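Engineer: model_8.cif is reproduced below (mmCIF, C-alpha atoms and all ligand atoms).
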data_coords
loop_
_atom_site.label_atom_id
_atom_site.label_comp_id
_atom_site.auth_asym_id
_atom_site.auth_seq_id
_atom_site.Cartn_x
_atom_site.Cartn_y
_atom_site.Cartn_z
CA MET A 1 201.54 112.02 -101.73
CA PRO A 2 198.34 110.26 -102.95
CA PHE A 3 196.79 107.94 -100.34
CA ALA A 4 197.28 104.84 -102.52
CA LEU A 5 201.04 105.49 -102.65
CA LYS A 6 201.15 106.03 -98.90
CA VAL A 7 199.46 102.66 -98.38
CA ILE A 8 202.15 100.98 -100.51
CA PHE A 9 204.79 102.69 -98.33
CA TYR A 10 203.09 101.51 -95.11
CA ARG A 11 202.81 97.95 -96.43
CA ILE A 12 206.53 97.86 -97.30
CA LEU A 13 207.35 99.31 -93.88
CA MET A 14 205.31 96.55 -92.19
CA VAL A 15 207.09 93.84 -94.22
CA LEU A 16 210.42 95.25 -92.99
CA LEU A 17 209.07 95.41 -89.43
CA LYS A 18 207.98 91.79 -89.63
CA PHE A 19 211.45 90.84 -90.82
CA VAL A 20 213.01 92.63 -87.82
CA THR A 21 210.57 91.20 -85.26
CA VAL A 22 211.27 87.63 -86.40
CA PHE A 23 214.70 88.06 -84.79
CA ILE A 24 213.34 89.40 -81.48
CA PRO A 25 212.81 86.47 -79.13
CA ALA A 26 209.53 86.38 -77.23
CA PRO A 27 210.22 84.45 -74.03
CA LYS A 28 207.24 83.29 -71.99
CA PRO A 29 206.95 83.46 -68.21
CA THR A 30 206.37 80.30 -66.20
CA ILE A 31 202.64 80.25 -65.51
CA TYR A 32 201.02 79.31 -62.22
CA SER A 33 197.27 79.05 -62.68
CA GLY A 34 194.25 78.50 -60.46
CA ALA A 35 193.11 79.53 -56.99
CA GLY A 36 196.11 79.78 -54.66
CA SER A 37 198.62 80.00 -57.50
CA ALA A 38 199.99 83.36 -56.25
CA LYS A 39 201.13 81.70 -53.03
CA LYS A 40 202.54 78.77 -54.96
CA MET A 41 204.59 81.14 -57.12
CA CYS A 42 205.89 82.90 -53.99
CA SER A 43 207.47 79.66 -52.83
CA THR A 44 209.72 79.66 -55.93
CA ILE A 45 210.92 83.26 -55.73
CA MET A 46 213.86 82.60 -53.38
CA HIS A 47 215.25 80.02 -55.81
CA PHE A 48 216.04 82.93 -58.13
CA GLY A 49 218.18 84.58 -55.44
CA SER A 50 215.43 87.06 -54.61
CA ASP A 51 215.05 87.34 -50.85
CA LYS A 52 214.52 91.12 -50.65
CA LEU A 53 211.54 92.08 -52.78
CA LEU A 54 210.14 95.37 -53.89
CA ILE A 55 206.37 94.89 -54.16
CA VAL A 56 204.91 97.25 -56.75
CA THR A 57 201.18 97.77 -56.38
CA ASP A 58 198.47 100.36 -55.75
CA ALA A 59 196.89 101.66 -52.56
CA MET A 60 193.46 100.13 -53.30
CA LEU A 61 194.86 96.60 -53.46
CA VAL A 62 196.55 97.19 -50.11
CA LYS A 63 193.30 98.54 -48.65
CA ILE A 64 191.11 95.62 -49.73
CA GLY A 65 193.61 93.05 -48.42
CA VAL A 66 194.80 91.52 -51.71
CA VAL A 67 198.43 92.50 -51.02
CA SER A 68 198.41 91.19 -47.43
CA GLU A 69 197.26 87.75 -48.65
CA ILE A 70 200.54 87.53 -50.54
CA THR A 71 202.81 89.29 -48.03
CA ASP A 72 201.58 86.94 -45.27
CA GLU A 73 202.87 84.06 -47.38
CA LEU A 74 206.18 85.84 -48.05
CA GLU A 75 206.64 86.34 -44.30
CA ARG A 76 205.93 82.67 -43.70
CA LEU A 77 208.61 81.84 -46.28
CA GLY A 78 211.13 84.26 -44.76
CA VAL A 79 211.25 86.59 -47.78
CA GLN A 80 211.87 90.25 -46.88
CA TYR A 81 209.89 92.88 -48.75
CA ILE A 82 208.98 96.52 -48.92
CA VAL A 83 205.68 97.67 -50.42
CA PHE A 84 205.64 100.53 -52.92
CA ASP A 85 201.90 101.14 -53.27
CA GLU A 86 201.86 104.53 -54.98
CA ILE A 87 201.15 103.34 -58.54
CA LEU A 88 198.42 105.33 -60.27
CA PRO A 89 196.83 104.73 -63.69
CA ASP A 90 199.18 105.68 -66.54
CA PRO A 91 202.30 105.94 -64.30
CA SER A 92 204.64 108.81 -65.19
CA TYR A 93 208.45 108.91 -65.45
CA ASP A 94 208.63 110.54 -61.99
CA LEU A 95 206.42 107.95 -60.31
CA VAL A 96 208.36 105.04 -61.80
CA GLU A 97 211.64 106.71 -60.81
CA LYS A 98 210.34 107.00 -57.25
CA GLY A 99 209.84 103.23 -57.26
CA VAL A 100 213.40 102.80 -58.57
CA GLN A 101 214.78 104.80 -55.63
CA VAL A 102 212.79 102.68 -53.14
CA ALA A 103 214.21 99.53 -54.77
CA ILE A 104 217.77 100.87 -54.56
CA GLU A 105 217.42 102.05 -50.92
CA HIS A 106 215.97 98.68 -49.93
CA GLN A 107 218.68 96.87 -51.97
CA ALA A 108 215.89 94.86 -53.59
CA ASN A 109 217.10 91.81 -55.51
CA GLY A 110 213.73 91.00 -57.01
CA ILE A 111 210.43 92.66 -57.87
CA LEU A 112 206.91 91.39 -57.35
CA ALA A 113 204.12 93.25 -59.16
CA ILE A 114 200.58 92.88 -57.83
CA GLY A 115 197.88 94.63 -59.82
CA GLY A 116 196.57 95.49 -63.26
CA GLY A 117 198.42 96.92 -66.23
CA SER A 118 199.79 100.01 -64.50
CA PRO A 119 201.56 98.26 -61.58
CA MET A 120 202.84 95.52 -63.90
CA ASP A 121 204.18 98.00 -66.46
CA ALA A 122 205.73 100.18 -63.75
CA ALA A 123 207.37 97.10 -62.18
CA LYS A 124 208.81 96.04 -65.53
CA ILE A 125 210.40 99.45 -66.06
CA ILE A 126 211.67 99.62 -62.46
CA ALA A 127 213.24 96.17 -62.93
CA ALA A 128 215.00 97.42 -66.08
CA ARG A 129 216.03 100.81 -64.70
CA VAL A 130 217.65 99.40 -61.52
CA THR A 131 220.10 97.25 -63.49
CA ASN A 132 220.65 99.65 -66.40
CA ASN A 133 222.40 102.90 -65.64
CA LYS A 134 220.11 104.94 -67.90
CA SER A 135 217.23 107.34 -67.42
CA ILE A 136 213.74 105.98 -67.92
CA GLU A 137 213.37 108.20 -70.99
CA SER A 138 216.43 106.62 -72.58
CA LEU A 139 214.99 103.15 -71.99
CA THR A 140 211.91 103.99 -74.08
CA GLY A 141 211.88 102.61 -77.61
CA ILE A 142 212.88 99.24 -79.01
CA LEU A 143 215.68 97.08 -77.56
CA LYS A 144 217.19 99.82 -75.33
CA VAL A 145 217.47 97.57 -72.24
CA LYS A 146 221.08 96.36 -72.37
CA GLN A 147 221.49 94.53 -69.04
CA PRO A 148 219.17 91.79 -67.71
CA CYS A 149 216.46 93.19 -65.44
CA LEU A 150 216.01 92.39 -61.76
CA PRO A 151 214.11 89.09 -61.46
CA LEU A 152 210.46 89.99 -61.95
CA PHE A 153 207.38 88.11 -60.77
CA VAL A 154 203.82 89.25 -61.43
CA VAL A 155 200.36 88.63 -60.04
CA PRO A 156 197.77 90.21 -62.37
CA THR A 157 194.61 91.23 -60.50
CA THR A 158 192.66 92.10 -63.65
CA ALA A 159 192.14 89.94 -66.74
CA GLY A 160 192.88 92.21 -69.67
CA THR A 161 196.23 93.83 -70.20
CA GLY A 162 198.31 90.74 -70.93
CA SER A 163 201.32 92.63 -69.55
CA GLU A 164 202.32 89.48 -67.68
CA THR A 165 203.58 88.00 -70.95
CA THR A 166 204.34 90.89 -73.29
CA ILE A 167 207.74 92.33 -74.14
CA ALA A 168 206.42 95.87 -73.63
CA ALA A 169 205.62 98.30 -70.83
CA VAL A 170 204.25 101.82 -71.20
CA VAL A 171 205.14 104.90 -69.20
CA SER A 172 203.62 108.38 -69.51
CA ASN A 173 205.74 111.30 -70.58
CA PRO A 174 204.37 114.21 -68.50
CA SER A 175 205.61 116.87 -70.93
CA THR A 176 203.73 115.46 -73.94
CA ASN A 177 200.96 113.58 -72.08
CA GLN A 178 201.66 110.64 -74.42
CA LYS A 179 202.29 107.07 -73.33
CA THR A 180 205.67 105.85 -74.53
CA PRO A 181 206.61 102.18 -74.72
CA VAL A 182 209.70 100.35 -73.55
CA ILE A 183 209.92 97.29 -75.82
CA ASP A 184 212.43 94.57 -75.03
CA PRO A 185 212.21 90.80 -74.44
CA LYS A 186 214.18 91.32 -71.19
CA LEU A 187 210.98 92.82 -69.72
CA VAL A 188 209.14 89.47 -69.76
CA PRO A 189 208.67 88.33 -66.15
CA ILE A 190 210.23 85.11 -64.89
CA ALA A 191 206.85 83.88 -63.64
CA ALA A 192 203.22 84.97 -63.47
CA ALA A 193 200.44 83.71 -61.21
CA LEU A 194 196.98 83.77 -62.80
CA ASP A 195 195.06 83.49 -59.55
CA PRO A 196 191.28 83.84 -59.98
CA ALA A 197 190.77 83.97 -56.21
CA LEU A 198 192.36 87.45 -56.25
CA MET A 199 189.97 88.67 -58.98
CA LEU A 200 186.65 87.77 -57.35
CA GLY A 201 186.18 91.27 -55.90
CA LEU A 202 186.80 93.15 -59.16
CA PRO A 203 183.82 95.50 -59.78
CA PRO A 204 181.65 94.78 -62.87
CA ALA A 205 182.68 97.96 -64.73
CA ILE A 206 186.41 97.17 -64.39
CA THR A 207 185.75 93.51 -65.24
CA ALA A 208 183.97 94.66 -68.42
CA ALA A 209 186.57 97.21 -69.53
CA THR A 210 189.63 95.05 -68.86
CA GLY A 211 187.97 92.02 -70.46
CA MET A 212 187.28 94.05 -73.61
CA ASP A 213 190.95 95.08 -73.67
CA ALA A 214 191.85 91.38 -73.81
CA LEU A 215 189.26 90.77 -76.54
CA THR A 216 190.69 93.67 -78.54
CA HIS A 217 194.21 92.22 -78.22
CA ALA A 218 192.97 88.87 -79.53
CA VAL A 219 190.89 90.31 -82.40
CA GLU A 220 193.47 92.88 -83.55
CA SER A 221 196.23 90.27 -83.53
CA TYR A 222 194.01 87.85 -85.50
CA LEU A 223 193.26 90.51 -88.14
CA SER A 224 196.90 91.67 -88.27
CA LYS A 225 198.94 91.06 -91.39
CA HIS A 226 201.65 89.74 -89.04
CA ALA A 227 199.39 86.98 -87.70
CA ALA A 228 201.03 83.55 -87.84
CA PRO A 229 199.80 80.02 -87.04
CA ASP A 230 201.04 80.22 -83.43
CA THR A 231 199.50 83.65 -82.77
CA ASP A 232 196.25 82.46 -84.40
CA HIS A 233 196.01 79.58 -81.93
CA TYR A 234 196.35 81.94 -78.99
CA ALA A 235 194.00 84.55 -80.48
CA LEU A 236 191.23 82.08 -81.37
CA ALA A 237 191.37 80.47 -77.92
CA ALA A 238 191.23 83.88 -76.28
CA VAL A 239 188.27 85.08 -78.39
CA LYS A 240 186.32 81.91 -77.63
CA MET A 241 187.02 82.08 -73.89
CA ILE A 242 186.29 85.81 -73.57
CA MET A 243 183.03 85.82 -75.54
CA LYS A 244 181.76 83.03 -73.29
CA ASN A 245 183.15 84.04 -69.89
CA LEU A 246 183.18 87.84 -69.84
CA PRO A 247 179.37 88.16 -69.55
CA ILE A 248 179.44 85.53 -66.78
CA CYS A 249 182.13 87.41 -64.82
CA TYR A 250 180.24 90.68 -65.32
CA ALA A 251 177.00 89.21 -63.97
CA ASP A 252 178.60 87.09 -61.24
CA GLY A 253 182.02 88.32 -60.20
CA LYS A 254 182.41 85.48 -57.70
CA ASN A 255 182.34 82.79 -60.39
CA GLU A 256 185.86 81.44 -59.91
CA GLN A 257 185.83 79.18 -62.95
CA ALA A 258 184.85 82.03 -65.30
CA ARG A 259 187.44 84.29 -63.64
CA GLU A 260 190.13 81.66 -64.23
CA SER A 261 189.12 81.35 -67.89
CA MET A 262 189.32 85.12 -68.30
CA ALA A 263 192.76 85.24 -66.66
CA LEU A 264 194.02 82.56 -69.05
CA ALA A 265 192.36 84.23 -72.05
CA SER A 266 194.02 87.52 -71.19
CA PHE A 267 197.38 85.73 -71.09
CA TYR A 268 196.71 84.03 -74.45
CA ALA A 269 195.67 87.32 -76.04
CA GLY A 270 198.86 88.90 -74.70
CA ALA A 271 200.91 86.08 -76.22
CA ALA A 272 199.16 86.66 -79.57
CA PHE A 273 199.63 90.41 -79.82
CA THR A 274 203.18 90.52 -78.52
CA LYS A 275 204.13 88.91 -81.85
CA ALA A 276 201.28 89.76 -84.27
CA ASN A 277 200.80 93.32 -82.99
CA LEU A 278 197.70 95.51 -82.75
CA GLY A 279 195.73 97.94 -84.91
CA TYR A 280 193.63 101.09 -85.20
CA VAL A 281 191.54 100.29 -82.11
CA HIS A 282 194.56 100.66 -79.86
CA ALA A 283 195.90 103.63 -81.83
CA ILE A 284 192.67 105.60 -81.26
CA ALA A 285 192.22 104.32 -77.69
CA HIS A 286 195.72 105.51 -76.78
CA GLN A 287 194.75 109.00 -77.93
CA PHE A 288 191.58 108.90 -75.81
CA GLY A 289 193.79 107.94 -72.89
CA ALA A 290 196.21 110.78 -73.56
CA PHE A 291 193.48 113.43 -74.09
CA TYR A 292 190.90 112.43 -71.48
CA HIS A 293 192.53 109.75 -69.28
CA THR A 294 189.88 107.32 -70.51
CA PRO A 295 190.61 103.89 -68.99
CA HIS A 296 192.40 101.87 -71.65
CA GLY A 297 189.95 98.95 -71.72
CA LEU A 298 186.90 101.22 -71.89
CA ALA A 299 188.42 103.19 -74.78
CA ASN A 300 189.16 99.97 -76.68
CA ALA A 301 185.67 98.64 -76.04
CA ILE A 302 184.03 101.76 -77.48
CA VAL A 303 186.31 101.91 -80.53
CA LEU A 304 186.38 98.17 -81.40
CA PRO A 305 182.99 97.85 -83.20
CA HIS A 306 183.73 100.93 -85.33
CA ILE A 307 187.07 99.58 -86.54
CA LEU A 308 185.62 96.13 -87.17
CA GLU A 309 182.92 97.68 -89.39
CA TYR A 310 185.60 99.65 -91.24
CA SER A 311 187.84 96.58 -91.62
CA LEU A 312 185.05 94.33 -92.92
CA PRO A 313 185.72 94.70 -96.66
CA ALA A 314 189.37 93.63 -96.22
CA ALA A 315 188.95 91.14 -93.37
CA GLN A 316 185.78 89.22 -94.20
CA ARG A 317 187.40 85.79 -94.17
CA ARG A 318 189.24 86.34 -90.87
CA LEU A 319 186.15 87.80 -89.20
CA ALA A 320 184.10 84.87 -90.53
CA GLU A 321 186.62 82.50 -88.88
CA LEU A 322 186.13 84.34 -85.59
CA ALA A 323 182.37 83.94 -86.02
CA LEU A 324 182.77 80.20 -86.50
CA VAL A 325 184.99 79.79 -83.44
CA VAL A 326 182.29 81.35 -81.26
CA GLU A 327 179.60 79.27 -83.00
CA LEU A 328 177.73 82.08 -84.71
CA GLY A 329 177.19 79.96 -87.81
CA VAL A 330 178.44 76.95 -89.69
CA ALA A 331 181.20 76.44 -92.23
CA GLY A 332 179.95 77.03 -95.76
CA GLU A 333 177.87 80.09 -95.00
CA PRO A 334 179.00 83.23 -96.90
CA HIS A 335 181.97 84.99 -95.28
CA ALA A 336 180.15 88.32 -95.49
CA VAL A 337 177.24 86.97 -93.43
CA LEU A 338 179.44 85.30 -90.82
CA ALA A 339 181.75 88.32 -90.52
CA GLN A 340 178.84 90.69 -89.93
CA ARG A 341 177.49 88.31 -87.28
CA PHE A 342 180.79 88.51 -85.40
CA VAL A 343 180.79 92.32 -85.52
CA ASP A 344 177.18 92.34 -84.30
CA ALA A 345 178.10 89.91 -81.49
CA VAL A 346 180.83 92.28 -80.29
CA LYS A 347 178.30 95.14 -80.26
CA GLN A 348 175.86 92.97 -78.32
CA LEU A 349 178.57 91.97 -75.84
CA ASN A 350 179.36 95.66 -75.24
CA GLN A 351 175.68 96.32 -74.62
CA ASP A 352 175.35 93.33 -72.27
CA ILE A 353 178.26 94.45 -70.09
CA GLY A 354 177.36 98.13 -69.87
CA ILE A 355 179.85 99.62 -72.33
CA PRO A 356 178.55 102.89 -73.84
CA THR A 357 178.50 103.43 -77.59
CA THR A 358 179.95 106.95 -77.30
CA LEU A 359 182.75 108.56 -75.31
CA GLU A 360 181.20 111.11 -72.95
CA THR A 361 184.37 113.24 -72.69
CA LEU A 362 185.15 113.35 -76.43
CA LYS A 363 185.14 116.90 -77.85
CA ALA A 364 184.48 117.75 -81.50
CA ASN A 365 187.37 120.25 -81.48
CA ASP A 366 189.84 117.49 -80.60
CA VAL A 367 188.83 115.06 -83.36
CA SER A 368 191.37 116.26 -85.94
CA THR A 369 194.32 116.10 -83.51
CA ILE A 370 193.23 112.73 -82.17
CA ALA A 371 193.00 111.34 -85.72
CA LYS A 372 196.44 112.69 -86.58
CA GLY A 373 198.02 111.10 -83.49
CA ALA A 374 196.23 107.79 -84.00
CA LEU A 375 197.26 107.50 -87.65
CA LYS A 376 200.87 108.35 -86.80
CA GLU A 377 200.97 105.49 -84.29
CA ALA A 378 199.07 103.00 -86.45
CA HIS A 379 200.82 103.58 -89.75
CA TYR A 380 204.33 103.19 -88.36
CA LEU A 381 203.63 100.28 -86.01
CA TYR A 382 200.55 98.24 -86.87
CA PRO A 383 200.04 95.86 -89.84
CA VAL A 384 196.32 96.63 -90.19
CA PRO A 385 194.15 94.79 -92.75
CA ARG A 386 192.63 97.97 -94.22
CA TYR A 387 194.28 101.40 -94.14
CA MET A 388 192.39 104.65 -93.63
CA ASP A 389 193.20 108.27 -94.39
CA LYS A 390 192.72 111.15 -91.98
CA LEU A 391 189.21 112.03 -93.19
CA GLN A 392 188.06 108.43 -92.75
CA CYS A 393 189.62 108.31 -89.28
CA GLU A 394 187.94 111.58 -88.29
CA ARG A 395 184.58 110.23 -89.51
CA ILE A 396 185.00 107.14 -87.32
CA ILE A 397 185.98 109.19 -84.25
CA ARG A 398 183.06 111.62 -84.78
CA ALA A 399 180.69 108.64 -84.60
CA MET A 400 181.79 108.28 -80.97
CA LEU A 401 180.89 111.87 -80.00
CA PRO A 402 178.23 112.09 -77.28
CA ALA A 403 174.75 113.01 -78.51
FE FE B 1 195.46 96.97 -74.72
#
What's the structure tokens form of this structure?

Structural biologist:
Amino acid sequence: MPFALKVIFYRILMVLLKFVTVFIPAPKPTIYSGAGSAKKMCSTIMHFGSDKLLIVTDAMLVKIGVVSEITDELERLGVQYIVFDEILPDPSYDLVEKGVQVAIEHQANGILAIGGGSPMDAAKIIAARVTNNKSIESLTGILKVKQPCLPLFVVPTTAGTGSETTIAAVVSNPSTNQKTPVIDPKLVPIAAALDPALMLGLPPAITAATGMDALTHAVESYLSKHAAPDTDHYALAAVKMIMKNLPICYADGKNEQARESMALASFYAGAAFTKANLGYVHAIAHQFGAFYHTPHGLANAIVLPHILEYSLPAAQRRLAELALVVELGVAGEPHAVLAQRFVDAVKQLNQDIGIPTTLETLKANDVSTIAKGALKEAHYLYPVPRYMDKLQCERIIRAMLPA
């Protein structure tokens, strides 16, 4: 089929998808924000009938004392808990199922996630799997969660993923090495605590990568053909806050005010993309994750400038609006000039926060397969502003090969 005809097919598909998603509610968690907000949220958990919690986290957060800050408060409040701290990046079916068994043995009646995207996503799926008598694999896909989940509370310790507000969670299928999503509004937590005091120790490299994940969510949702006035508000606020505060957090991780702004921006970006969706940056980054276990935020950061350059001809006005919101020019200047300034500012931001321009692990022999996988994901899910064929996608990926 000629490429032009394929594009018409994808556009029609995205119109149908938009029609379907209008009917999917996107509930929002109650937000507790500011230093000490995690403890404040803890004091509300028992009101939801949750007095035996499964805490889903990772071993590092236990080691550096972040988890004990919260469990001390739970003990003071008389809430029982058991800590499942085995979450690794890109959690697999087996790992998540292990958490389910711990929840069942402990008779947990609530779940508290403490961590970045992986613990939060794992906790969401555990919360769904405990109350739904189905395998994790059969929960993957859209609207497969039939029963309400266990009450879920989250404390993000990175500012990037937005998982605290999205209707999705990803789990890795070990047989295909691909991440598969569970998408259902029942996955949205009851409450989230955006507590900057718990983010002060985040190393600069993780601060940079996770922050660029949040920026990518905001930018891709703003450029999406499914963008709407409400998602635009969230996306513009997030872009403005991230472009200002991410370099500050990278240079001075202890800056609590900048950390709080990043935590809020990540939440806003999550609220934008859960409705407006994503684009080619995520499609390619997911393949880098599957092939090389590249951290998600780092992969997005490397890919983002390339896709913005490619999208320029079809997204000049929207990119110009992003330039104006971060004060890279004034209204009335040509869209082309403003748009290019925004793309250049993203490149400069990457440079300022130590993001490489190439992916060290990328292999030339993998480019064709990566492009095929990325296009399959993008063309059936993402309402991108400008479509690309496989040769164009391969050209973009090759530009990220190490020298
Ligand atoms: Fe992401």

Engineer: Counting all atoms listed in the file, note down every residue that has an atom within 8 Å of the point (196.1, 95.9, -56.3) (file coordinates), as a list in words.

Structural biologist: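 So the residues meeting the distance criterion are Thr57, Asp58, Ala59, Met60, Leu61, Val62, Val66, Val67, Ile114, Gly115, Gly116, Pro119 and Thr157 of chain A.
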
Engineer: For atom CA of A:Ala122 and atom CA of A:Ala169, determine how far apart the two atoms are, in Å to one decimal place.

Structural biologist: 7.3 Å

Engineer: Could you state the separation of atom CA of A:Met400 and atom CA of A:Leu359 in Å, given to one decimal place?

Structural biologist: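 Pair atom CA of A:Met400 / atom CA of A:Leu359 returns 5.7 Å.
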
Engineer: How would you write as number ranges by chain the residues that get within 9 Å of (192.9, 88.9, -94.9) in the file's frame, counting only C-alpha atoms?

Structural biologist: A: 223-225, 314-319, 385

Engineer: Residues of chain A that have any atom at most 12 Å from an atom of ligand FE 1 (chain B): could you tabulate them with the shortest-distance atom pair and the distance in Å to one decimal, using all atoms listed in the file, ordered by chain and increasing number, as CSV?

Structural biologist:
residue,atom,partner,partner_atom,distance
A:Gly116,CA,B:FE1,FE,11.6
A:Gly117,CA,B:FE1,FE,9.0
A:Ser118,CA,B:FE1,FE,11.5
A:Ala159,CA,B:FE1,FE,11.1
A:Gly160,CA,B:FE1,FE,7.4
A:Thr161,CA,B:FE1,FE,5.6
A:Gly162,CA,B:FE1,FE,7.8
A:Ser163,CA,B:FE1,FE,8.9
A:Thr166,CA,B:FE1,FE,10.9
A:Ala168,CA,B:FE1,FE,11.1
A:Ala169,CA,B:FE1,FE,11.0
A:Val170,CA,B:FE1,FE,10.6
A:Ala209,CA,B:FE1,FE,10.3
A:Thr210,CA,B:FE1,FE,8.5
A:Gly211,CA,B:FE1,FE,9.9
A:Met212,CA,B:FE1,FE,8.8
A:Asp213,CA,B:FE1,FE,5.0
A:Ala214,CA,B:FE1,FE,6.7
A:Leu215,CA,B:FE1,FE,9.0
A:Thr216,CA,B:FE1,FE,6.9
A:His217,CA,B:FE1,FE,6.0
A:Ala218,CA,B:FE1,FE,9.7
A:Val219,CA,B:FE1,FE,11.1
A:Glu220,CA,B:FE1,FE,9.9
A:Ser221,CA,B:FE1,FE,11.1
A:Ser266,CA,B:FE1,FE,10.2
A:Phe267,CA,B:FE1,FE,12.0
A:Ala269,CA,B:FE1,FE,9.7
A:Gly270,CA,B:FE1,FE,8.8
A:Ala272,CA,B:FE1,FE,12.0
A:Phe273,CA,B:FE1,FE,9.3
A:Thr274,CA,B:FE1,FE,10.8
A:Asn277,CA,B:FE1,FE,10.5
A:Leu278,CA,B:FE1,FE,8.5
A:Gly279,CA,B:FE1,FE,10.2
A:Tyr280,CA,B:FE1,FE,11.4
A:Val281,CA,B:FE1,FE,9.0
A:His282,CA,B:FE1,FE,6.4
A:Ala283,CA,B:FE1,FE,9.8
A:Ile284,CA,B:FE1,FE,11.2
A:Ala285,CA,B:FE1,FE,8.6
A:His286,CA,B:FE1,FE,8.8
A:Gly289,CA,B:FE1,FE,11.2
A:Pro295,CA,B:FE1,FE,10.2
A:His296,CA,B:FE1,FE,6.5
A:Gly297,CA,B:FE1,FE,6.6
A:Leu298,CA,B:FE1,FE,10.0
A:Ala299,CA,B:FE1,FE,9.4
A:Asn300,CA,B:FE1,FE,7.2
A:Ala301,CA,B:FE1,FE,10.0
A:Val303,CA,B:FE1,FE,11.9
A:Leu304,CA,B:FE1,FE,11.3

Engineer: Using all atoms listed in the file, which residues sit within 9 Å of A:Ala192 once same-chain residues fewer than 5 positions away are excluded, as a list of chain:residue names?

Structural biologist: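 My reading of the contact set: A:Pro29, A:Thr30, A:Ile31, A:Tyr32, A:Ser33, A:Ala38, A:Met41, A:Leu152, A:Phe153, A:Val154, A:Val155, A:Pro156, A:Glu164, A:Thr165.
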
Engineer: Could you add whatever atoms are missing so that stretch 76-91 of chain A carries N, CA and C atoms, then write the result as a PDB file, keeping the file's coordinate frame?

Structural biologist:
ATOM      1  N   ARG A  76     205.841  84.071 -44.114  1.00  0.00           N
ATOM      2  CA  ARG A  76     205.930  82.670 -43.700  1.00  0.00           C
ATOM      3  C   ARG A  76     207.161  82.003 -44.325  1.00  0.00           C
ATOM      4  N   LEU A  77     207.483  82.442 -45.564  1.00  0.00           N
ATOM      5  CA  LEU A  77     208.610  81.840 -46.280  1.00  0.00           C
ATOM      6  C   LEU A  77     209.949  82.480 -45.921  1.00  0.00           C
ATOM      7  N   GLY A  78     209.891  83.581 -45.158  1.00  0.00           N
ATOM      8  CA  GLY A  78     211.130  84.260 -44.760  1.00  0.00           C
ATOM      9  C   GLY A  78     211.684  85.184 -45.829  1.00  0.00           C
ATOM     10  N   VAL A  79     210.824  85.650 -46.739  1.00  0.00           N
ATOM     11  CA  VAL A  79     211.250  86.590 -47.780  1.00  0.00           C
ATOM     12  C   VAL A  79     211.001  88.021 -47.271  1.00  0.00           C
ATOM     13  N   GLN A  80     212.044  88.853 -47.277  1.00  0.00           N
ATOM     14  CA  GLN A  80     211.870  90.250 -46.880  1.00  0.00           C
ATOM     15  C   GLN A  80     211.219  91.024 -48.028  1.00  0.00           C
ATOM     16  N   TYR A  81     210.521  92.088 -47.687  1.00  0.00           N
ATOM     17  CA  TYR A  81     209.890  92.880 -48.750  1.00  0.00           C
ATOM     18  C   TYR A  81     209.623  94.296 -48.260  1.00  0.00           C
ATOM     19  N   ILE A  82     209.482  95.183 -49.222  1.00  0.00           N
ATOM     20  CA  ILE A  82     208.980  96.520 -48.920  1.00  0.00           C
ATOM     21  C   ILE A  82     207.901  96.807 -49.958  1.00  0.00           C
ATOM     22  N   VAL A  83     206.810  97.438 -49.515  1.00  0.00           N
ATOM     23  CA  VAL A  83     205.680  97.670 -50.420  1.00  0.00           C
ATOM     24  C   VAL A  83     205.728  99.102 -50.951  1.00  0.00           C
ATOM     25  N   PHE A  84     205.766  99.228 -52.263  1.00  0.00           N
ATOM     26  CA  PHE A  84     205.640 100.530 -52.920  1.00  0.00           C
ATOM     27  C   PHE A  84     204.240 100.561 -53.539  1.00  0.00           C
ATOM     28  N   ASP A  85     203.310 101.242 -52.866  1.00  0.00           N
ATOM     29  CA  ASP A  85     201.900 101.140 -53.270  1.00  0.00           C
ATOM     30  C   ASP A  85     201.368 102.453 -53.863  1.00  0.00           C
ATOM     31  N   GLU A  86     202.262 103.204 -54.490  1.00  0.00           N
ATOM     32  CA  GLU A  86     201.860 104.530 -54.980  1.00  0.00           C
ATOM     33  C   GLU A  86     201.497 104.538 -56.468  1.00  0.00           C
ATOM     34  N   ILE A  87     201.405 103.357 -57.089  1.00  0.00           N
ATOM     35  CA  ILE A  87     201.150 103.340 -58.540  1.00  0.00           C
ATOM     36  C   ILE A  87     199.745 103.826 -58.855  1.00  0.00           C
ATOM     37  N   LEU A  88     199.686 104.762 -59.787  1.00  0.00           N
ATOM     38  CA  LEU A  88     198.420 105.330 -60.270  1.00  0.00           C
ATOM     39  C   LEU A  88     198.220 104.900 -61.720  1.00  0.00           C
ATOM     40  N   PRO A  89     196.995 105.039 -62.260  1.00  0.00           N
ATOM     41  CA  PRO A  89     196.830 104.730 -63.690  1.00  0.00           C
ATOM     42  C   PRO A  89     197.770 105.578 -64.544  1.00  0.00           C
ATOM     43  N   ASP A  90     198.254 105.002 -65.634  1.00  0.00           N
ATOM     44  CA  ASP A  90     199.180 105.680 -66.540  1.00  0.00           C
ATOM     45  C   ASP A  90     200.379 106.257 -65.786  1.00  0.00           C
ATOM     46  N   PRO A  91     201.183 105.427 -65.123  1.00  0.00           N
ATOM     47  CA  PRO A  91     202.300 105.940 -64.300  1.00  0.00           C
ATOM     48  C   PRO A  91     203.283 106.783 -65.125  1.00  0.00           C
TER      49      PRO A  91
END
